[in-house]
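*Asks:* Before I ask anything, here is the structure I am working with.
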Amino acid sequence: MAAPGEDGGGERFDRVLIANRGEIARRIVRTLHRMGLGSVAVYAGGDRDAPHVAEADVAVRLGAAPEAYLDPQAVIAAARAAGAGAIHPGYGFLAENAAFAERCAAAGLVFVGPPPEALRRLGDKVAAKALAAELGVPVIDGFATAGLEPPAIGRRAEELGYPLLVKAAAGGGGTGMRRVAAAAELDGALAAAAREAESAFGDGALLIERLLDAPRHVEVQILADAGGRVLHLFERDCSLQRRHQKIVEECPSPAVDAPLRRRLGAAAVALARAVGYAGAGTVEFLLQGDGSFFFLEMNPRLQVEHPVTEAVTGLDLVRLQIEIAQGLPLPFDQDDLELDGHAIEARLYAEDPARDFLPAGGTLALWAEPELPGLRVDAGVERGAEIGPHYDPLLAKVIAWGRHREEARRRLRRGLAQLAAGGIATNRDLLLALIDHDAFRRGDVDVAFLERHPPAELLAAEDDADWAAHAVAAALYLCHRRRQRPGPLPAGIPPGWRNNPWRPQEQIFEHRAGRLVVRYRASAADRFSCEVTATQPGGEGAGEARTIAARLLAADAGGELIAELDGVRRRFRLGLAGRRLAVHGDGRVCELMRVPRFPSRRAPALAGGCAAPMTGKVTAVLVAPGDRVAAGTPLVAIEAMKMEHQLASPIDGVVDAVRVAAGQMVDPDEVLVVVTPEPETTGEPGAGQRSPGAG
Amino acid sequence: MQVLPTHVDVRSATYARNRDYFLARLEELERALAEVNAAGGSKYVERHRRRGKLLARERLELLLDRDAPFLEIGALAAWGTDFALGASVICGVGVVSGVECVVVANEPTIKGGSINPYGQRKVARAMEICRDNRLPMINLTESGGADLPHQAELFVPGGGMFRELTRRSAEGIPTICLVFGSSTAGGAYIPGMSDYVVMVKEGARVFLGGPPLVKMAIHEESSEEELGGAEMHSRVSGVSDYLAEDELDALRLGREIVAQLGWRKLGPPPSAAAEEPRYDVEELLGIASADVRQPFEVREVIARLVDGSRFHEFKATYGTTLVTGFARLHGYAVGVVANNGVIFSESAQKGAQFIQLCNQLDRPILFLQNVTGFMVGRRYEERGIIKDGAKMINAVSNSTVPHLTVMIGASYGAGNYAMSGRAYKPRFLFTWPNHKIAVMGPEQLAGVLSIVRRQAAERAGVPFDEARDERLRRAVEKQIENESYAFYASGQLWDDGIIDPRDTRTVLGLALSAVHSAPVAGTARYGVFRM
């Protein structure tokens with residue numbers, strides 16, 4: 001390894017390939033450019049116009065299939081083609097692939113990450129756990145299923161005691177993780193977890209562990225340089241999780257005091273040392289109320305939530321990763337590091353919390369990032385992005401820093417409120433509800449918080465919201481757009497003008513809570529008197545009409561609209577994609593569907609058809625024609641966004657047709673299985689009623 | 001261009017009186033329009049709905065582009081007659097698929113949409129608008145045909161409609177007919193003569209003779225559907241070009257047909273960006289006189305109609321009772337000819353000259369009529385007021401640029417003619433509710449008749465009955481007053497409708513836009529000017 005130069009090193013490479021996509025690729029590009037280094041992006045399947053491609057100096061296409069991001073050979077060839085001297089893997093994809101790290105070295109490329117040997121040792125969770133135990137770090141009881149027959153697994157599980165946790169031995173995050181409450185659920189959970197693990201990591205090996213009672217997830221960021229110096233950058237608290245995936249993270253943890261911090265830090269540093277670690281890594285623990293903690297795993301890479309650590313330490317972890325890869329020593333000691341203030345990150349996902357976190361696909365019609373003091377937004381998307389089923393549904397991370405936790409929380413709240421995302425379902429409102437929740441304000445949450453407080457409870461207030469202003473903004477925007485189009489009339493004619501006024505102009509929207517009907521009359525080109533009526537789905541129960549006097553002050557092609565509504569000047573952001581219209585205003589996003597004046601004459605939906613809820617890949621067909629099914633019986637398993645979803649029969653009946661096979665890609669609303677209701681049991685036809693010879 | 005100054009005193013008693021008068025008349029207008037819009041009344045409207053049909057105005061609204069304006073024509077047709085107000089047909093100019101079109105919709109909830117003499121005149125006027133301004137026409141047809149008790153008034157002129165349809169077609173102005181219901185006997189030629197025909201399944205009934213007539217004539221038993229249903233006409237006879245699943249589908253098809261016309265306006269687009277007037281249009285209600293015998297400054301009106309209140313006045317110091325000049329309206333350059341008092345020889349000469357200038361420039365002319373007539377009296381006759389009036393009428397008659405006329409007060413005598421009254425074929429003619437129209441004022445007319453009676457009595461040597469004369473005089477005055485009333489005039493289709501003065505700028509913008517669908521070209525050919 002070359003000795004560091006006076007000028008801060010950098011002789012070994014001046015161009016780095018980022019073997020990743022989305023927000024992390026963009027974030028790495030930013031640091032590379034800040035360091036004066038060149039950047040090489042790679043892309044595959046549908047990412048040609050992605051922002052990470054546009055922002056890098058050069059970009060190389062890996063292949064058509066999204067899986068190309070996982071192809072070590074293609075990535076190394078790309079690095080060669082673009083003249084990169086190093087590869088930063090980001091997180092996910094090839095980040096923890098020891099063989100890839102070795103191939104980089106063999107190709108003369110610097111792998112920005114730990115040595116392959118460390119990757120290998122940490123990648124085997126069973127071995128990592130054993131190592132931790134050896135080092136005196138507490139671990140959770142459990143066993144690996146590899147090599148065990150189902151009865152043996154059952155016995156060992158029984159010994160451990162339910163509830164249990166099933167998880168993938170390889171990989172990280174919540175993939176393949178299943179909570180098992182009782183023995184009866186074990187087989188199903190093992191099968192599903194194995195499928196997910198196999199699909200995500202190419203390795204179906206599983207671990208079973210005792211499930212702790214409402215622990216917090218606390219992890220320690222460590223940094224190790226090639227000279228063997230290992231430091232920790234304090235802890236992060238990632239207790240707010242859904243489906244075992246972190247959604248809100250903060251630094252420092254409200255549950256960790258200085259002595260505990262030292263103990264956690266020491267344990268993490270000891271582990272990193274023991275495997276000869278170099279680079280940035282994270283040691284994860286579960287922390288119980290009594291201060292006891294257990295080693296979970298060590299992630300030998302940059303974490304999604306690393307920005308909260310950056311915010312409170314003032315460090316750039318990617319820069320440090322690169323400097324370490326360049327052979328430079330860490331430029332500070334443990335004692336130089338101080339916690340400054342508090343930072344909280346919220347992960348914005350394309351998913352619908354109200355529908356069991358179903359990943360959402362479609363066009364991101366509305367996207368505008370807030371620019372506020374103390375706020376950082378690491379986004380992987382731009383307005384108009386097509387969100388497909390192939391990649392992680394993370395849209396952006398919103399990170400707020402404050403002098404104290406409450407200031408960080410308030411800033412995050414404001415940032416999330418001002419973040420305009422729409423056109424597809426996002427978890428934005430859930431994030432807002434979470435950080436507003438008393439328990440979170442108190443810093444008193446654990447990994448099971450969302451199981452105890454499901455989205456339906458947290459989002460209840462939103463359903464009663466009054467959307468009249470948003471609906472008016474939507475109608476004005478559509479009116480404005482229509483008037484912007486070249487037309488035969490002078491622009492000064494008020495919209496919908498009549499010398500014999502009859503009914504006002506009408507714009508109908510479908511909304512989650514029913515229909516919103518906006519009726520308006522314009523007295524001048526920019527002045528409208530509007531009336532909004534909300535009705536229940538089906539048009540019944542028309543609510544009281546709300547009248548709003550509106551004045552359109554400004555509207556632009558980017559979807560920003562400023563209007564005075566009943567004397568209050570308000571700003572909205574709107575995004576349109578097909579019939580969908582997302583309206584952001586006053587910190588809330590209203591998702592609307594325009595009801596066309598002339599309904600399309602498509603054939604009515606097939607009776608009894610069970611349609612795919614989203615774009616995805618069929619992983620298993622669980623029924624065959626002729627099968628009797630009860631309402632709720634799983635029919636088909638679909639994998640989308642790296643998660644498995646089951647399509648259940650809506651009725652009791654008989655499977656009439658199965659229209660898909662495992663491995664097939666399906667589109668939303670595509671009918672996969674047809675179930676017909678069980679025929680009414682009828683008596684035998686009376687013999688006398690049939691005339692002889694008939695039939 | 002100069003910005004016109006204003007001297008309106010909004011606190012004056014006259015202003016308040018005028019405004020009160022206008023607001024009362026506008027309320028009357030609103031009530032009358034409400035009656036028009038109630039169509040056949042709740043009983044017939046509900047029956048129509050129960051048949052799963054859309055109301056005529058619902059059809060119209062769905063046909064028009066969202067947020068598009070609609071300039072209704074002859075909304076108060078048949079006012080003061082025994083026929084339904086509005087004459088059971090809706091006509092106007094609107095935008096369909098981005099194209100300005102004339103739309104005619106039968107009102108099927110009034111006597112089954114049958115056509116009465118006023119309705120026929122209203123439709124004839126709509127057709128004239130199509131022809132003169134080169135606007136496609138869309139018929140939303142559902143009519144029981146001629147109102148038979150009135151056939152004598154309808155039959156002969158009615159034939160002209162079909163001629164008109166095909167003549168327009170020959171000129172390249174298409175007619176699209178969406179048949180929602182009955183269109184039978186002579187009415188069958190409305191789709192028959194149209195360029196594009198859409199028929200609604202199970203709705204359209206198009207035949208020359210219905211089942212009873214067929215039975216009487218040739219002893220054939222047949223159903224209405226067999227004789228003239230949409231399926232038959234779309235699959236067998238070819239009278240229909242498009243088979244619509246339902247009414248919505250027909251309207252959608254109608255919109256698509258217009259969209260594919262690839263229609264291009266042949267007149268020039270607005271030559272400048274529009275600028276709102278500097279002064280409040282609201283003030284028009286206090287400016288115009290409630291009593292048309294009271295003159296008012298027409299420049300105050302112009303200042304509230306034209307872009308930026310800017311007016312380039314022509315010949316300001318000559319013939320001052322006629323104001324002439326150039327301005328822009330919604331960006332369109334126009335000439336303005338406006339009365340500011342009785343017409344003298346000089347005013348008439350100035351008018352004739354200015355009309356020629358507008359023709360030289362291919363510039364549309366806006367006439368603002370508030371005229372009690374040409375000056376009378378020995379001195380004026382000697383100076384040839386007839387000659388000068390004839391010059392202006394000659395210029396107006398032969399002018400080929402589009403004329404738009406707004407009656408903002410009196411319209412009496414030959415002043416009506418010289419200022420492009422109805423008979424002089426302005427492309428559009430609207431009136432304000434204070435408007436009065438007659439050969440002369442009611443007092444003058446009654447007084448003239450009284451003088452004639454007195455002279456006759458003198459010649460006959462019989463005593464003159466003063467009391468009887470007073471009664472007759474008052475009766476005549478009353479009759480003329482009624483007949484010159486704006487609502488009556490509009491009911492007679494002497495204009496295209498009464499408008500709220502505050503809407504004048506918008507109405508003129510729409511009218512100007514419509515006239516520019518046709519080429520705008522002036523002339524250098526006039527009759528012999530009597531010098």
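Here's how to read the names in the structure tokens: chain A, B, ... by the order shown, residue numbers from 1 in each chain, ligand numbers from 1 in the order shown.
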Would you list the contacts of stretch 296-301 of chain A as a ChimeraX atom specification, taking every protein, DNA or RNA residue within 8 Å and counting only C-alpha atoms, but skipping same-chain residues closer than 5 positions in sequence?

*Replies:* /A:90-91,95-96,113-114,118-119,122,125,128-129,139-140,172,279-286

*Asks:* Can I get the selected residues back with N, CA, C and O atoms, as a short mmCIF file (atom, residue, chain, number, x, y, z; two decimals), in the first residue's frame?

*Replies:*
```cif
data_model
loop_
_atom_site.label_atom_id
_atom_site.label_comp_id
_atom_site.auth_asym_id
_atom_site.auth_seq_id
_atom_site.Cartn_x
_atom_site.Cartn_y
_atom_site.Cartn_z
N GLY A 90 -21.32 1.21 -2.68
CA GLY A 90 -22.53 1.71 -2.01
C GLY A 90 -23.02 0.71 -0.98
O GLY A 90 -22.21 0.11 -0.27
N TYR A 91 -24.33 0.54 -0.88
CA TYR A 91 -24.87 -0.52 -0.04
C TYR A 91 -25.74 -1.41 -0.91
O TYR A 91 -26.19 -1.01 -1.98
N ALA A 95 -22.07 -4.85 -2.44
CA ALA A 95 -21.31 -4.24 -1.34
C ALA A 95 -20.69 -5.26 -0.39
O ALA A 95 -19.63 -5.01 0.18
N GLU A 96 -21.36 -6.40 -0.20
CA GLU A 96 -20.83 -7.35 0.79
C GLU A 96 -20.36 -8.63 0.12
O GLU A 96 -20.25 -9.67 0.76
N GLY A 113 -13.96 -0.64 0.46
CA GLY A 113 -14.67 -1.42 1.45
C GLY A 113 -13.66 -2.26 2.20
O GLY A 113 -12.45 -2.16 1.95
N PRO A 114 -14.15 -3.09 3.09
CA PRO A 114 -13.23 -3.90 3.89
C PRO A 114 -12.54 -4.97 3.04
O PRO A 114 -13.00 -5.28 1.93
N ALA A 118 -12.46 -10.05 5.67
CA ALA A 118 -13.39 -9.52 6.66
C ALA A 118 -14.83 -9.66 6.17
O ALA A 118 -15.72 -10.04 6.93
N LEU A 119 -15.02 -9.40 4.88
CA LEU A 119 -16.37 -9.55 4.30
C LEU A 119 -16.87 -10.97 4.47
O LEU A 119 -18.02 -11.21 4.83
N LEU A 122 -17.70 -11.77 8.15
CA LEU A 122 -18.89 -11.10 8.66
C LEU A 122 -20.14 -11.51 7.89
O LEU A 122 -21.26 -11.45 8.40
N LYS A 125 -23.29 -15.09 9.19
CA LYS A 125 -23.82 -14.53 10.44
C LYS A 125 -23.61 -15.47 11.61
O LYS A 125 -23.46 -15.03 12.75
N ALA A 128 -20.11 -14.96 12.63
CA ALA A 128 -19.95 -13.65 13.23
C ALA A 128 -20.46 -13.65 14.65
O ALA A 128 -19.86 -13.07 15.56
N LYS A 129 -21.58 -14.35 14.82
CA LYS A 129 -22.17 -14.43 16.15
C LYS A 129 -21.24 -15.18 17.10
O LYS A 129 -21.03 -14.78 18.27
N VAL A 139 -24.74 -12.31 22.86
CA VAL A 139 -25.47 -12.65 21.64
C VAL A 139 -26.81 -13.28 22.00
O VAL A 139 -26.99 -13.77 23.12
N ILE A 140 -27.71 -13.28 21.05
CA ILE A 140 -29.04 -13.86 21.29
C ILE A 140 -28.97 -15.35 20.96
O ILE A 140 -28.36 -15.75 19.98
N GLY A 172 -28.75 -8.60 4.62
CA GLY A 172 -29.11 -7.79 5.77
C GLY A 172 -30.49 -7.20 5.59
O GLY A 172 -31.28 -7.69 4.80
N GLY A 279 -12.09 0.33 6.74
CA GLY A 279 -13.19 1.04 6.09
C GLY A 279 -14.28 1.39 7.08
O GLY A 279 -14.07 1.37 8.30
N ALA A 280 -15.44 1.69 6.53
CA ALA A 280 -16.58 2.04 7.38
C ALA A 280 -17.45 0.82 7.57
O ALA A 280 -17.65 0.05 6.64
N GLY A 281 -17.94 0.64 8.78
CA GLY A 281 -18.81 -0.50 9.04
C GLY A 281 -19.73 -0.17 10.19
O GLY A 281 -19.58 0.84 10.88
N THR A 282 -20.70 -1.07 10.39
CA THR A 282 -21.67 -0.83 11.45
C THR A 282 -21.90 -2.12 12.22
O THR A 282 -22.10 -3.18 11.62
N VAL A 283 -21.86 -1.98 13.52
CA VAL A 283 -22.14 -3.14 14.36
C VAL A 283 -23.50 -2.92 15.00
O VAL A 283 -23.74 -1.90 15.66
N GLU A 284 -24.40 -3.87 14.74
CA GLU A 284 -25.78 -3.69 15.19
C GLU A 284 -26.04 -4.48 16.47
O GLU A 284 -25.59 -5.62 16.62
N PHE A 285 -26.81 -3.84 17.35
CA PHE A 285 -27.17 -4.47 18.62
C PHE A 285 -28.65 -4.30 18.86
O PHE A 285 -29.29 -3.39 18.33
N LEU A 286 -29.19 -5.19 19.68
CA LEU A 286 -30.52 -4.97 20.23
C LEU A 286 -30.31 -4.56 21.68
O LEU A 286 -29.51 -5.17 22.40
#
```

*Asks:* So that each row is one residue of chain B with an atom at most 7 Å from chain A, can you give its shortest atom pair and the distance in Å to one decimal, using only C-alpha atoms, rows by chain and rising number, as JSON lines?

*Replies:*
```
{"residue": "B:Leu33", "atom": "CA", "partner": "A:Asn500", "partner_atom": "CA", "distance": 6.5}
{"residue": "B:Asn37", "atom": "CA", "partner": "A:Trp502", "partner_atom": "CA", "distance": 6.9}
{"residue": "B:Asp67", "atom": "CA", "partner": "A:Gly496", "partner_atom": "CA", "distance": 4.0}
{"residue": "B:Ala68", "atom": "CA", "partner": "A:Gly496", "partner_atom": "CA", "distance": 4.8}
{"residue": "B:Pro69", "atom": "CA", "partner": "A:Trp497", "partner_atom": "CA", "distance": 4.4}
{"residue": "B:Phe70", "atom": "CA", "partner": "A:Arg498", "partner_atom": "CA", "distance": 5.3}
{"residue": "B:Leu71", "atom": "CA", "partner": "A:Asn499", "partner_atom": "CA", "distance": 6.0}
{"residue": "B:Glu72", "atom": "CA", "partner": "A:Asn499", "partner_atom": "CA", "distance": 6.3}
{"residue": "B:Gly98", "atom": "CA", "partner": "A:Gly487", "partner_atom": "CA", "distance": 5.6}
{"residue": "B:Val99", "atom": "CA", "partner": "A:Pro488", "partner_atom": "CA", "distance": 6.5}
{"residue": "B:Glu100", "atom": "CA", "partner": "A:Pro488", "partner_atom": "CA", "distance": 6.9}
{"residue": "B:Leu248", "atom": "CA", "partner": "A:Phe598", "partner_atom": "CA", "distance": 6.5}
{"residue": "B:Arg252", "atom": "CA", "partner": "A:Phe598", "partner_atom": "CA", "distance": 6.7}
{"residue": "B:His330", "atom": "CA", "partner": "A:Pro490", "partner_atom": "CA", "distance": 6.1}
{"residue": "B:Ile499", "atom": "CA", "partner": "A:Asn499", "partner_atom": "CA", "distance": 6.8}
{"residue": "B:Thr506", "atom": "CA", "partner": "A:Ile493", "partner_atom": "CA", "distance": 5.9}
{"residue": "B:Gly509", "atom": "CA", "partner": "A:Pro490", "partner_atom": "CA", "distance": 6.9}
{"residue": "B:Ser513", "atom": "CA", "partner": "A:Leu489", "partner_atom": "CA", "distance": 6.0}
```

*Asks:* Skipping near chain neighbours, those fewer than 3 positions away, what residues fall within 9 Å of stretch 606-621 of chain A using only C-alpha atoms, listed as JSON, numbers by chain?

*Replies:* {"A": [195, 358, 359, 360, 361, 388, 389, 390, 603, 624, 635, 636, 637, 638, 639, 640, 641, 644, 647, 648, 649, 650, 651, 656, 658, 660, 661, 662, 663, 664, 665, 666, 667, 668, 669, 670, 671, 672, 673, 674, 675, 676, 677]}

*Asks:* May I have all residues of stretch 64-166 of chain B that DSSP, computed from the backbone, assigns to strand (DSSP E or B), given as a PyMOL selection string?

*Replies:* chain B and resi 70-73+89-96+99-106+115+137-143+146

*Asks:* Quick one, how far is atom CA of B:Arg363 from atom CA of B:Asp307?

*Replies:*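 Computing it gives 15.9 Å between the two atoms.
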
*Asks:* Please indicate the distance in Å from atom CA of A:Ala379 to atom CA of A:Leu348, rounded to one decimal place.

*Replies:*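 Interatomic distance here is 9.0 Å.
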
*Asks:* For a quick check of understanding, using only C-alpha atoms, which of B:Met440, B:Leu26, B:Ile451, B:Val89 has the smallest distance to B:Pro501?

*Replies:*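 Ranked by minimum distance to B:Pro501, first place goes to B:Leu26.
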
*Asks:* Which one of A:Phe93, A:Gly204, A:Met593, A:Arg210 sits closest to A:Gly514 if you count only C-alpha atoms?

*Replies:* A:Met593

*Asks:* Could you tell me how far atom CA of A:Arg573 sits from atom CA of A:Leu552, in Å to one decimal place?

*Replies:* 13.5 Å

*Asks:* Check stretch 275-473 of chain A with DSSP on the backbone and list each residue it calls alpha helix (DSSP H), as a VMD selection string.

*Replies:* chain A and resid 306 to 313 317 to 325 405 to 418 428 to 436 438 to 442 449 to 452 455 to 458 460 to 463 468 to 473
